[in-house]
$ cat query_27.csv   # CSV, C-alpha atoms
chain,number,residue,atom,x,y,z
A,17,MET,CA,0.0,0.0,0.0
A,18,ARG,CA,1.2,3.5,-0.8
A,19,ILE,CA,0.6,6.1,1.9
A,20,VAL,CA,1.1,9.8,1.7
A,21,ILE,CA,1.2,11.6,5.0
A,22,LEU,CA,0.7,15.4,5.3
A,23,ALA,CA,2.7,16.3,8.4
A,24,GLY,CA,4.2,19.0,10.5
A,25,GLY,CA,5.6,19.1,14.1
A,26,VAL,CA,6.2,16.3,16.5
A,27,GLY,CA,2.8,14.7,16.0
A,28,GLY,CA,3.3,14.5,12.3
A,29,ALA,CA,6.8,13.1,12.7
A,30,ARG,CA,5.6,10.4,15.1
A,31,MET,CA,2.8,9.4,12.7
A,32,ALA,CA,5.3,9.1,9.9
A,33,ARG,CA,7.6,7.0,12.0
A,34,GLY,CA,4.7,4.6,12.6
A,35,PHE,CA,4.0,4.0,9.0
A,36,ALA,CA,7.7,3.9,8.0
A,37,ALA,CA,8.1,1.0,10.4
A,38,LEU,CA,5.7,-1.2,8.4
A,39,GLU,CA,7.6,-3.2,5.8
A,40,SER,CA,4.6,-3.5,3.5
A,41,ILE,CA,4.0,0.2,3.2
A,42,ALA,CA,5.6,2.7,0.8
A,43,THR,CA,5.6,5.9,2.8
A,44,THR,CA,5.9,9.5,1.5
A,45,VAL,CA,5.8,12.4,3.9
A,46,ILE,CA,4.8,15.8,2.6
A,47,VAL,CA,6.0,18.4,5.1
A,48,ASN,CA,4.9,21.9,6.1
A,49,VAL,CA,7.3,24.7,5.4
A,50,GLY,CA,5.3,27.5,6.9
A,51,ASP,CA,7.5,27.4,10.0
A,52,ASP,CA,10.7,28.0,8.0
A,53,ASP,CA,12.8,31.0,9.1
A,54,ALA,CA,16.3,32.4,9.3
A,55,VAL,CA,17.9,32.6,12.7
A,56,TYR,CA,21.6,33.3,13.6
A,57,GLY,CA,22.2,33.7,9.8
A,58,VAL,CA,21.1,30.2,8.9
A,59,ASP,CA,18.0,28.9,7.1
A,60,LEU,CA,15.8,26.7,9.2
A,61,SER,CA,13.2,24.1,8.2
A,62,PRO,CA,12.1,22.9,11.6
A,63,ASP,CA,9.3,20.6,10.5
A,64,ILE,CA,11.4,18.9,7.9
A,65,ASP,CA,14.2,18.3,10.4
A,66,THR,CA,11.8,17.0,13.1
A,67,VAL,CA,10.4,14.4,10.6
A,68,VAL,CA,13.9,13.4,9.3
A,69,TYR,CA,15.4,13.1,12.8
A,70,MET,CA,12.4,11.1,14.0
A,71,LEU,CA,12.6,8.7,11.0
A,72,ALA,CA,16.3,8.3,11.5
A,73,GLY,CA,15.8,7.5,15.2
A,74,ILE,CA,18.1,10.4,16.4
A,75,GLU,CA,15.4,12.8,17.7
A,76,GLY,CA,15.7,14.6,21.0
A,77,GLU,CA,14.0,13.8,24.3
A,78,PHE,CA,10.9,15.9,23.5
A,79,GLY,CA,10.6,14.8,19.9
A,80,TRP,CA,12.3,17.7,18.3
A,81,GLY,CA,16.0,18.5,17.8
A,82,ARG,CA,18.8,15.9,18.1
A,83,GLU,CA,19.6,13.4,20.8
A,84,ASP,CA,22.7,13.9,22.9
A,85,GLU,CA,22.8,17.6,21.8
A,86,THR,CA,25.4,20.0,23.0
A,87,TRP,CA,25.0,23.8,23.3
A,88,GLU,CA,28.5,25.3,22.9
A,89,VAL,CA,27.5,27.8,20.2
A,90,MET,CA,24.5,29.1,22.2
A,91,GLY,CA,26.8,29.6,25.1
A,92,GLU,CA,29.3,31.6,23.0
A,93,LEU,CA,26.6,33.7,21.5
A,94,GLU,CA,25.3,34.7,24.9
A,95,ARG,CA,28.8,36.2,25.7
A,96,PHE,CA,28.0,38.8,22.9
A,97,ASP,CA,24.6,39.7,24.4
A,98,ILE,CA,22.8,38.0,21.6
A,99,ASP,CA,19.2,36.9,22.2
A,100,THR,CA,19.3,33.1,22.3
A,101,SER,CA,15.7,32.5,23.2
A,102,PHE,CA,15.5,30.4,20.0
A,103,ARG,CA,17.7,27.5,21.0
A,104,LEU,CA,19.7,25.8,18.3
A,105,GLY,CA,22.0,22.9,19.3
A,106,ASP,CA,25.4,22.3,17.9
A,107,ARG,CA,24.5,19.2,15.8
A,108,ASP,CA,21.3,20.9,14.6
A,109,LEU,CA,23.3,24.0,13.7
A,110,ALA,CA,25.6,21.9,11.5
A,111,LEU,CA,22.6,20.6,9.5
A,112,ASN,CA,21.3,24.1,9.1
A,113,LEU,CA,24.6,25.4,7.9
A,114,PHE,CA,24.6,22.7,5.3
A,115,ARG,CA,21.1,23.6,4.2
A,116,THR,CA,21.9,27.3,4.1
A,117,ALA,CA,25.0,26.8,1.9
A,118,ARG,CA,23.1,24.6,-0.5
A,119,LEU,CA,20.0,26.9,-0.7
A,120,ARG,CA,22.2,30.0,-1.2
A,121,ALA,CA,24.1,28.2,-4.0
A,122,GLY,CA,20.8,27.8,-5.8
A,123,GLN,CA,19.6,24.3,-4.9
A,124,PRO,CA,15.9,23.9,-4.2
A,125,LEU,CA,14.8,22.8,-0.7
A,126,SER,CA,13.5,19.5,-2.1
A,127,ALA,CA,17.0,18.6,-3.3
A,128,VAL,CA,18.6,19.6,-0.1
A,129,THR,CA,16.0,17.5,1.8
A,130,ALA,CA,16.7,14.5,-0.4
A,131,LYS,CA,20.4,14.8,0.5
A,132,GLN,CA,19.6,15.2,4.2
A,133,CYS,CA,17.5,12.0,4.1
A,134,ALA,CA,20.3,10.1,2.3
A,135,THR,CA,22.9,11.3,4.8
A,136,PHE,CA,20.8,10.1,7.8
A,137,GLY,CA,19.7,6.8,6.2
A,138,VAL,CA,16.0,7.6,5.9
A,139,SER,CA,14.4,5.4,3.3
A,140,ALA,CA,10.9,7.0,3.4
A,141,LYS,CA,10.5,9.8,0.9
A,142,VAL,CA,10.3,13.2,2.6
A,143,LEU,CA,9.2,16.1,0.5
A,144,PRO,CA,8.7,19.8,1.4
A,145,VAL,CA,5.3,20.8,0.1
A,146,THR,CA,6.9,23.5,-2.0
A,147,ASP,CA,10.4,24.9,-2.9
A,148,ASP,CA,8.9,28.4,-2.8
A,149,ARG,CA,8.7,30.7,0.2
A,150,VAL,CA,5.5,30.1,2.2
A,151,ARG,CA,5.4,31.6,5.7
A,152,THR,CA,2.7,31.2,8.4
A,153,ARG,CA,1.8,34.4,10.1
A,154,LEU,CA,-0.5,34.9,13.0
A,155,GLU,CA,-2.6,37.9,14.0
A,156,VAL,CA,-3.0,38.1,17.8
A,157,GLU,CA,-5.2,40.3,20.0
A,158,GLY,CA,-4.5,44.0,19.3
A,159,GLY,CA,-4.2,43.4,15.6
A,160,VAL,CA,-0.5,42.6,15.7
A,161,TRP,CA,0.8,40.1,13.1
A,162,LEU,CA,3.6,37.8,14.2
A,163,ASP,CA,5.8,35.4,12.3
A,164,PHE,CA,5.5,31.8,13.4
A,165,GLN,CA,8.7,31.5,15.3
A,166,THR,CA,8.0,34.7,17.3
A,167,TYR,CA,4.6,33.5,18.2
A,168,PHE,CA,5.5,29.9,18.9
A,169,VAL,CA,9.0,30.0,20.3
A,170,ARG,CA,9.9,33.5,21.5
A,171,ARG,CA,6.4,34.2,22.9
A,172,ARG,CA,5.7,30.6,23.8
A,173,HIS,CA,2.3,30.6,22.0
A,174,GLN,CA,0.6,32.5,24.8
A,175,ASP,CA,-1.1,35.0,22.6
A,176,ARG,CA,-4.7,34.6,21.6
A,177,VAL,CA,-4.8,34.1,17.8
A,178,THR,CA,-7.4,36.0,15.8
A,179,ALA,CA,-6.4,35.1,12.3
A,180,VAL,CA,-3.8,33.0,10.4
A,181,ALA,CA,-2.4,33.7,7.0
A,182,TYR,CA,0.0,31.6,4.7
A,183,GLU,CA,2.1,34.3,3.1
A,184,GLY,CA,3.3,33.4,-0.4
A,185,ALA,CA,1.0,30.3,-0.7
A,186,ALA,CA,-1.1,31.7,-3.4
A,187,THR,CA,1.8,32.0,-5.8
A,188,ALA,CA,3.7,28.9,-4.7
A,189,ALA,CA,4.1,25.7,-6.8
A,190,PRO,CA,4.2,22.2,-5.4
A,191,ALA,CA,7.7,20.8,-5.1
A,192,PRO,CA,8.7,18.1,-7.6
A,193,ASP,CA,6.9,14.7,-7.0
A,194,VAL,CA,4.4,16.2,-4.5
A,195,LEU,CA,1.3,16.0,-6.8
A,196,GLU,CA,2.6,12.8,-8.4
A,197,LYS,CA,3.0,11.0,-5.1
A,198,ILE,CA,-0.5,12.0,-4.0
A,199,GLU,CA,-2.0,10.9,-7.3
A,200,GLU,CA,-0.3,7.5,-7.1
A,201,CYS,CA,-1.1,6.8,-3.5
A,202,ASP,CA,-3.8,4.6,-2.1
A,203,VAL,CA,-4.7,6.9,0.8
A,204,VAL,CA,-3.7,10.3,2.2
A,205,VAL,CA,-3.2,10.6,6.0
A,206,LEU,CA,-3.6,13.9,7.7
A,207,ALA,CA,-1.3,13.5,10.7
A,208,PRO,CA,-2.3,14.5,14.2
A,209,SER,CA,-0.5,17.8,13.7
A,210,ASN,CA,-1.8,21.3,14.5
A,211,PRO,CA,-4.5,21.8,11.9
A,212,HIS,CA,-4.0,25.5,11.4
A,213,LEU,CA,-0.2,25.6,11.8
A,214,SER,CA,0.8,22.4,10.0
A,215,ILE,CA,-1.9,20.8,7.8
A,216,LEU,CA,-3.7,23.9,6.3
A,217,PRO,CA,-0.4,25.5,5.2
A,218,ILE,CA,0.2,22.3,3.1
A,219,LEU,CA,-3.3,22.3,1.7
A,220,SER,CA,-3.0,26.0,0.8
A,221,VAL,CA,-0.3,25.4,-1.9
A,222,PRO,CA,-2.2,25.5,-5.2
A,223,GLY,CA,-3.0,22.1,-6.6
A,224,VAL,CA,-2.4,20.1,-3.4
A,225,ARG,CA,-5.9,20.2,-1.9
A,226,GLU,CA,-7.4,19.6,-5.3
A,227,MET,CA,-5.3,16.4,-5.7
A,228,VAL,CA,-6.0,15.3,-2.1
A,229,GLU,CA,-9.8,15.7,-2.8
A,230,ARG,CA,-9.5,12.9,-5.4
A,231,LYS,CA,-8.2,10.4,-2.8
A,232,ARG,CA,-9.4,8.5,0.2
A,233,VAL,CA,-8.4,10.6,3.2
A,234,MET,CA,-7.9,9.5,6.8
A,235,ALA,CA,-7.3,12.1,9.5
A,236,VAL,CA,-6.0,11.4,13.0
A,237,SER,CA,-7.4,13.8,15.5
A,238,PRO,CA,-4.8,15.7,17.6
A,239,PHE,CA,-7.5,16.3,20.3
A,240,VAL,CA,-8.6,14.2,23.3
A,241,GLY,CA,-11.7,15.5,25.1
A,242,GLY,CA,-11.3,19.0,23.7
A,243,LYS,CA,-7.6,19.3,24.7
A,244,THR,CA,-4.2,18.5,23.1
A,245,VAL,CA,-1.4,16.6,24.7
A,246,LYS,CA,0.9,19.6,24.0
A,247,GLY,CA,0.8,22.8,22.0
A,248,PRO,CA,-1.8,25.4,21.2
A,249,ALA,CA,-3.9,23.6,18.6
A,250,ALA,CA,-7.1,23.5,20.8
A,251,ASP,CA,-6.8,27.1,21.7
A,252,ILE,CA,-6.3,28.2,18.1
A,253,MET,CA,-9.3,26.1,17.0
A,254,ARG,CA,-11.6,27.8,19.5
A,255,SER,CA,-10.3,31.3,18.9
A,256,LEU,CA,-10.9,30.9,15.2
A,257,GLY,CA,-14.4,29.5,15.6
A,258,HIS,CA,-13.9,25.7,15.5
A,259,ASP,CA,-14.5,23.3,18.3
A,260,PRO,CA,-11.5,21.1,19.0
A,261,SER,CA,-13.4,17.9,18.4
A,262,PRO,CA,-14.3,15.5,15.6
A,263,ALA,CA,-17.1,17.9,14.5
A,264,GLY,CA,-14.7,20.8,14.5
A,265,LEU,CA,-12.2,18.9,12.4
A,266,GLN,CA,-14.8,17.8,9.9
A,267,SER,CA,-15.9,21.4,9.6
A,268,LEU,CA,-12.4,22.8,9.3
A,269,TYR,CA,-11.4,20.4,6.6
A,270,GLY,CA,-14.5,21.1,4.6
A,271,GLY,CA,-15.6,17.5,4.0
A,272,LEU,CA,-12.2,16.5,2.8
A,273,ILE,CA,-11.9,13.5,5.1
A,274,ASP,CA,-13.5,10.1,4.6
A,275,HIS,CA,-12.1,8.4,7.8
A,276,LEU,CA,-11.4,10.0,11.2
A,277,VAL,CA,-9.4,8.3,13.9
A,278,VAL,CA,-10.2,9.6,17.4
A,279,ASP,CA,-9.7,8.8,21.1
A,280,PRO,CA,-12.6,6.7,22.5
A,281,VAL,CA,-13.7,9.7,24.6
A,282,ASP,CA,-14.5,11.5,21.3
A,283,ALA,CA,-16.3,8.6,19.6
A,284,VAL,CA,-19.3,10.0,17.6
A,285,GLU,CA,-21.2,9.2,14.5
A,286,PHE,CA,-21.3,11.3,11.3
A,287,ASP,CA,-23.2,10.6,8.1
A,288,GLY,CA,-20.8,9.8,5.4
A,289,LEU,CA,-17.7,9.7,7.7
A,290,HIS,CA,-16.1,6.6,9.1
A,291,VAL,CA,-15.1,7.3,12.7
A,292,HIS,CA,-12.6,4.9,14.3
A,293,PRO,CA,-12.1,5.2,18.1
A,294,THR,CA,-8.8,3.9,19.5
A,295,ASP,CA,-5.8,4.9,21.5
A,296,ILE,CA,-4.2,7.8,19.6
A,297,MET,CA,-1.2,8.3,21.8
A,298,ILE,CA,1.9,7.7,19.7
A,299,LYS,CA,4.8,8.9,21.8
A,300,THR,CA,6.8,5.7,21.3
A,301,ARG,CA,7.7,3.9,18.1
A,302,GLU,CA,5.7,0.9,19.2
A,303,GLN,CA,2.6,3.0,19.8
A,304,ALA,CA,2.9,4.7,16.4
A,305,SER,CA,3.4,1.5,14.5
A,306,ARG,CA,0.4,-0.1,16.3
A,307,LEU,CA,-1.8,2.8,15.3
A,308,ALA,CA,-0.5,2.7,11.7
A,309,ARG,CA,-1.4,-1.1,11.5
A,310,GLU,CA,-4.9,-0.4,12.8
A,311,MET,CA,-5.4,2.3,10.2
A,312,ILE,CA,-4.3,0.0,7.4
A,313,GLU,CA,-6.7,-2.6,8.6
A,314,TRP,CA,-9.6,-0.1,8.6
A,315,LEU,CA,-8.7,0.9,5.0
A,316,SER,CA,-8.4,-2.6,3.7
$ encode --input "query_27.csv" --output "C-alpha cells"
Amino acid sequence: MRIVILAGGVGGARMARGFAALESIATTVIVNVGDDDAVYGVDLSPDIDTVVYMLAGIEGEFGWGREDETWEVMGELERFDIDTSFRLGDRDLALNLFRTARLRAGQPLSAVTAKQCATFGVSAKVLPVTDDRVRTRLEVEGGVWLDFQTYFVRRRHQDRVTAVAYEGAATAAPAPDVLEKIEECDVVVLAPSNPHLSILPILSVPGVREMVERKRVMAVSPFVGGKTVKGPAADIMRSLGHDPSPAGLQSLYGGLIDHLVVDPVDAVEFDGLHVHPTDIMIKTREQASRLAREMIEWLS
C-alpha cells in the first residue's frame, strides 16, 4: 500500500515513524514549510528536520532537535549579548549550515532535503510541500501580526490568535513529486498535527488540496476531550471559531476526510464519515506502528 502523510511538528513526525516501520507500506511524507525561518544567519526548516530526525531515530528527548545535543555555540553567542531564546543545538546547527549553503548556492529545498535523508539513512520519501517561500503568520489580539517562530518559540504561543495567513502560498508551486505521489497513493493521511499551523499550510499550496480531494483521506485527531497533549492547537481552533473535536475537524477540513481516527472519549457518528475510536497516543515507536497497523486494517 502506498501512503502519503501530510505532516508537521512532532505529532506528524511520530505518525510518519509509525507507517515507516511497516515493511509492506511505501511511505511518502509531505511536510509543512510555513515554520521555516532564518535565525543566527542560517536557514531553518524545523518541521522537515523533526520528521527526518524522527525517521532516523536520532530525535531529542521531547521529539524535536537531536539526541545527545550540545550547546556550545549558544553559550558563546550569549557572551556577545545575543538573544538566544531560540535554542539551536550544535548538531542541529551543523545541518542548518549545510542547508543554508546549498540553498544560497541555488539548490531547491526538495533537493537539499533528499540529500539530508540520504545522509541520515532515511528510506521513506520526505518532500517539502513547496520549494517556494511560504510563511505562516498569525494575528494576535490587538491586531499585531507575528511570524510563526516569534509566536510559537519566542512568545511561547501564549497570545490569543485571531487570524492565520499563509504568506506566499497563493503563488507557490508544489515541489517536484508532490502531486505525483498524491495521485499515485492509495490513501492520504492527515497526521495529528496542529490543523491551522501544519496541515492547512500544506493544503494552501495550489494544486495540493485539489489532488487530495480525489483520494481516500484518513485524518488522525490531535484532540482528546477538547484538549491537546501539547501545543496550542485546541486554543487556536476555539479562537478561530472551530470546536477542538471531531465535528470541528470535519468542519475545518470542509468535508475533505473520509475516515477520522479519534480517542474513545471523542467517539461520535457522522453521516458519510467513518469514525474509528482507538488509543491515539503515539509517543513511542511501538505505539505509532500499532496505530498505523490499525489504520491500514480499517482501510483494507
$ closest_residue --input "query_27.csv" --among "A:Thr100, A:Thr300, A:Ser255, A:Ser220" --to "Tyr269 of chain A" --atoms "all atoms listed in the file"
A:Ser220
$ closest_residue --input "query_27.csv" --among "A:Val45, A:Gln132, A:Val160, A:Ala181" --to "Val194 of chain A" --atoms "only C-alpha atoms"
A:Val45
$ atom_distance --input "query_27.csv" --atom1 "atom CA of Ala121 of chain A" --atom2 "atom CA of Pro190 of chain A"
20.8 Å
$ atom_distance --input "query_27.csv" --atom1 "atom CA of Tyr69 of chain A" --atom2 "atom CA of Asp51 of chain A"
16.6 Å
$ closest_residue --input "query_27.csv" --among "A:Arg225, A:Ala308, A:Gly271, A:Ser209" --to "Thr43 of chain A" --atoms "all atoms listed in the file"
A:Ala308
$ residues_around --input "query_27.csv" --residues "Ala37 of chain A" --least-positions-apart "4" --cutoff "9 Å" --atoms "all atoms listed in the file" --output "list in words"
Ala32, Arg33, Ile41, Leu71, Arg301, Ala304, Ser305 and Ala308 of chain A
$ write_last_selection --input "query_27.csv" --atoms "C-alpha atoms" --output "PDB file, in the frame of the given file"
ATOM      1  CA  ALA A  32       5.300   9.100   9.900  1.00  0.00           C
ATOM      2  CA  ARG A  33       7.600   7.000  12.000  1.00  0.00           C
ATOM      3  CA  ILE A  41       4.000   0.200   3.200  1.00  0.00           C
ATOM      4  CA  LEU A  71      12.600   8.700  11.000  1.00  0.00           C
ATOM      5  CA  ARG A 301       7.700   3.900  18.100  1.00  0.00           C
ATOM      6  CA  ALA A 304       2.900   4.700  16.400  1.00  0.00           C
ATOM      7  CA  SER A 305       3.400   1.500  14.500  1.00  0.00           C
ATOM      8  CA  ALA A 308      -0.500   2.700  11.700  1.00  0.00           C
TER       9      ALA A 308
END
$ closest_residue --input "query_27.csv" --among "A:Thr146, A:Leu219, A:Val58, A:Val177" --to "Phe114 of chain A" --atoms "all atoms listed in the file"
A:Val58
$ closest_residue --input "query_27.csv" --among "A:Asp148, A:Glu196, A:Glu285, A:Glu85" --to "Leu125 of chain A" --atoms "only C-alpha atoms"
A:Asp148
$ closest_residue --input "query_27.csv" --among "A:Val240, A:Met90, A:Leu265, A:Val145" --to "Ser61 of chain A" --atoms "all atoms listed in the file"
A:Val145
